[in-house]
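Novice: Attaching a single structure in structure tokens format; questions to follow.
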Amino acid sequence: MIAGNFIQHFLQALKRSSALFLVLVTGIFVFCEKLSGQNLIYNPGFEILLKPVKSKFPGNIEQALPWFPAGIGSPDLIRRGEDFHGKATAASGENYAGIILYDGDNKDFREYLEIKLTQTLVKNTEYCLRFSVSAAAKSFAFTDELGILLTADSVLSSDWNTIQHEPTFTTQKYAAISDTGSWKKLEFKFKANGTEQFLTIGNFRTDNATSIQINDKYAFLKLAYLYIDDIYLGPCNPVADPVIGQQPIFAPAPVIESGKLRVPNVVTPNGDGFNDSFTIPGLPKYAELTITHKDGSVILRSTNYTNDWDGAGVMPGKYRYELKLPDGNLISGSVDLVRK
């Protein structure tokens, strides 16, 4: 409890400075590891957030420090069990992540969830990786192509496409993950080679090598969408058997304000007055917005965006945005254009 209060006050004192915030992040990772001594995944249940997410639609995974997308496709941070792909509840806590494993409308489009471990794995030491998964009820299809990659370096990619690495582990072949009403726990046991520092989760196969099982042939978006929660990587028999995905015992999950802007990640121009346009409350004048397709082609470029883009003239799908504020700050992410 003392450590928890210390960190909470420390966060509040330093969050105003971006430079000091980086120091804070690094220090907390080390501090967490010393205190827990178990899970090498920091923020395993996506409960520690950079800013509150008040929309019922999912937001960018970057809000769940220190998780990040390995490609341009951005995994979703989902809170309180509500999202576009079907209501669900977290395996534990409030939050969980969602990723696209297959997109029938966009060839080889992928989303990857990546994190740097709190420490490099020790050579020849046995570890266990455990996490929970659940398929989205509104998925067009289910797939068995869930891969887990452990690497010495990040596999960051500059495009939307398949990261073609041979995964360290894959789920059982020809056994599509189709649990929609419950969470399925996965476990992988292995000996480390001593270089592993990054964990990446996603589909590392191309569309031609991905087998799918149709769930809803009438689904508007042709996706295989998967929820992920409660990620543990550490000793297979820790001193105190961990509850998968529990938050570090030294502190409650803090919420850190990083700014007033809330950028939507879905546009539904159906005239109901809700998300009819890409509207950013409180957007200052002369904010520059660029929206691009997955192939890099520019859909919209505005030097003084006025919250009026409704996707007119373009097909439904996922698009990338980059918002440059007058003070020079950049905000980027993805937005789904959905027509019903």
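Order determines the names: the first chain of the structure tokens is A, the second B, and so forth; residues in each chain are numbered 1 upward, and ligands are numbered 1 upward as they are shown.
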Hey, which bits of stretch 149-223 of chain A sit within 10 Å of stretch 109-127 of chain A, and for each residue what's the closest pair of atoms and how far apart in Å (one decimal), counting only C-alpha atoms, rows by chain and increasing number, as a tab-separated table?
Specialist:
residue	atom	partner	partner_atom	distance
A:Leu149	CA	A:Glu114	CA	9.2
A:Leu150	CA	A:Leu117	CA	9.8
A:Thr151	CA	A:Lys116	CA	9.6
A:Ala152	CA	A:Thr120	CA	8.3
A:Asp153	CA	A:Lys116	CA	8.9
A:Ser154	CA	A:Lys116	CA	7.9
A:Val155	CA	A:Glu114	CA	8.5
A:Leu156	CA	A:Glu114	CA	8.7
A:Ser157	CA	A:Tyr112	CA	9.7
A:Asp159	CA	A:Phe109	CA	9.1
A:Trp160	CA	A:Phe109	CA	5.5
A:Asn161	CA	A:Phe109	CA	4.8
A:Thr162	CA	A:Arg110	CA	5.7
A:Ile163	CA	A:Arg110	CA	8.1
A:Phe188	CA	A:Tyr127	CA	8.4
A:Lys189	CA	A:Tyr127	CA	5.9
A:Phe190	CA	A:Tyr127	CA	5.6
A:Lys191	CA	A:Glu126	CA	4.4
A:Ala192	CA	A:Lys123	CA	5.1
A:Asn193	CA	A:Lys123	CA	4.7
A:Gly194	CA	A:Lys123	CA	3.7
A:Thr195	CA	A:Thr120	CA	6.3
A:Glu196	CA	A:Leu121	CA	5.5
A:Gln197	CA	A:Thr120	CA	4.8
A:Phe198	CA	A:Lys116	CA	4.5
A:Leu199	CA	A:Ile115	CA	5.5
A:Thr200	CA	A:Glu114	CA	4.2
A:Ile201	CA	A:Leu113	CA	5.1
A:Gly202	CA	A:Tyr112	CA	4.8
A:Asn203	CA	A:Arg110	CA	6.9
A:Phe204	CA	A:Arg110	CA	8.4
A:Arg205	CA	A:Arg110	CA	9.5
A:Thr206	CA	A:Phe109	CA	8.8
A:Asp207	CA	A:Phe109	CA	8.6
A:Leu223	CA	A:Phe109	CA	9.9
Novice: As a PyMOL selection string, list the residues of stretch 90-269 of chain A assigned to strand (DSSP E or B) by DSSP on the backbone atoms of this structure.
Specialist: chain A and resi 95-103+109+113-116+126-135+141-143+147-151+161+169-170+184-191+198-202+212-214+223-234+255+266-267
Novice: Compile the contact shell of A:Leu129 as a list in words: residues with an atom at most 6 Å away, counting only C-alpha atoms, same-chain residues fewer than 2 positions apart removed.
Specialist: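 Listing them by chain and then by number gives Glu187, Phe188, Tyr232 and Leu233 of chain A.
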Novice: Taking N, CA and C atoms for each residue, export the selection above as a PDB file, in the first residue's frame.
Specialist:
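Written out: out22.pdb:
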ATOM      1  N   GLU A 187      -1.943 -21.847 -23.004  1.00  0.00           N
ATOM      2  CA  GLU A 187      -0.674 -21.923 -22.279  1.00  0.00           C
ATOM      3  C   GLU A 187       0.390 -22.554 -23.160  1.00  0.00           C
ATOM      4  N   PHE A 188       1.594 -21.970 -23.126  1.00  0.00           N
ATOM      5  CA  PHE A 188       2.731 -22.481 -23.874  1.00  0.00           C
ATOM      6  C   PHE A 188       3.931 -22.534 -22.931  1.00  0.00           C
ATOM      7  N   TYR A 232       0.285 -13.504 -19.160  1.00  0.00           N
ATOM      8  CA  TYR A 232       1.316 -13.810 -18.168  1.00  0.00           C
ATOM      9  C   TYR A 232       2.483 -14.496 -18.855  1.00  0.00           C
ATOM     10  N   LEU A 233       3.702 -14.002 -18.582  1.00  0.00           N
ATOM     11  CA  LEU A 233       4.916 -14.679 -19.031  1.00  0.00           C
ATOM     12  C   LEU A 233       5.885 -14.665 -17.854  1.00  0.00           C
TER      13      LEU A 233
END
Novice: Calculated over only C-alpha atoms, which of the candidates A:Thr89, A:Thr143, A:Ser74, A:Thr170 has the smallest distance to A:Ser332?
Specialist: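 The shortest atom-to-atom distance to A:Ser332 comes from A:Ser74.
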Novice: Just the residues within 8 Å of A:Val263, please, counting only C-alpha atoms, with nothing from its chain fewer than 2 positions along; format it as a VMD selection string.
Specialist: chain A and resid 261 265 279 to 281
Novice: With N, CA and C atoms kept, could you save the residues just selected as an mmCIF file, in the first residue's frame?
Specialist:
data_model
loop_
_atom_site.group_PDB
_atom_site.id
_atom_site.type_symbol
_atom_site.label_atom_id
_atom_site.label_comp_id
_atom_site.auth_asym_id
_atom_site.auth_seq_id
_atom_site.Cartn_x
_atom_site.Cartn_y
_atom_site.Cartn_z
ATOM 1 N N LEU A 261 -8.090 16.005 -25.828
ATOM 2 C CA LEU A 261 -8.693 15.543 -27.080
ATOM 3 C C LEU A 261 -9.058 14.068 -27.014
ATOM 4 N N ASN A 265 -12.667 6.432 -33.116
ATOM 5 C CA ASN A 265 -12.065 5.437 -34.004
ATOM 6 C C ASN A 265 -13.110 4.756 -34.878
ATOM 7 N N THR A 279 -15.527 13.494 -35.674
ATOM 8 C CA THR A 279 -15.608 14.696 -34.846
ATOM 9 C C THR A 279 -14.705 14.568 -33.624
ATOM 10 N N ILE A 280 -13.852 15.566 -33.437
ATOM 11 C CA ILE A 280 -12.920 15.593 -32.315
ATOM 12 C C ILE A 280 -13.291 16.777 -31.427
ATOM 13 N N PRO A 281 -13.975 16.549 -30.324
ATOM 14 C CA PRO A 281 -14.394 17.656 -29.454
ATOM 15 C C PRO A 281 -13.200 18.485 -28.987
#
Novice: When you count only C-alpha atoms, which of these residues is closest to A:Ser211: A:His293, A:Lys285, A:Asp308, A:Tyr102?
Specialist: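 Answer, going by the shortest atom-to-atom distance: A:Tyr102.
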Novice: Quick one: distance from atom CA of A:Lys184 to atom CA of A:Tyr227 in Å, one decimal?
Specialist: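 Interatomic distance, atom CA of A:Lys184 to atom CA of A:Tyr227: 10.3 Å.
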Novice: Could you tell me how far atom CA of A:Ile299 sits from atom CA of A:Ile72, in Å to one decimal place?
Specialist: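 Interatomic distance here is 16.1 Å.
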Novice: Of the candidates A:Lys324, A:Lys107, A:Lys138, A:Lys318, which shows the shortest atom-to-atom distance to A:Ala224, using only C-alpha atoms?
Specialist: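 Among the listed residues, A:Lys138 lies closest to A:Ala224.
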Novice: Please determine, counting only C-alpha atoms, which residue among A:Glu145, A:Gly45, A:Ala91, A:Gly73 has the shortest atom-to-atom distance to A:Tyr321.
Specialist: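 Closest to A:Tyr321 of all the choices is A:Gly73.
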Novice: Atom CA of A:Pro44 and atom CA of A:Gly71 are how many Å apart?
Specialist: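 Atom CA of A:Gly71 lies 20.3 Å from atom CA of A:Pro44.
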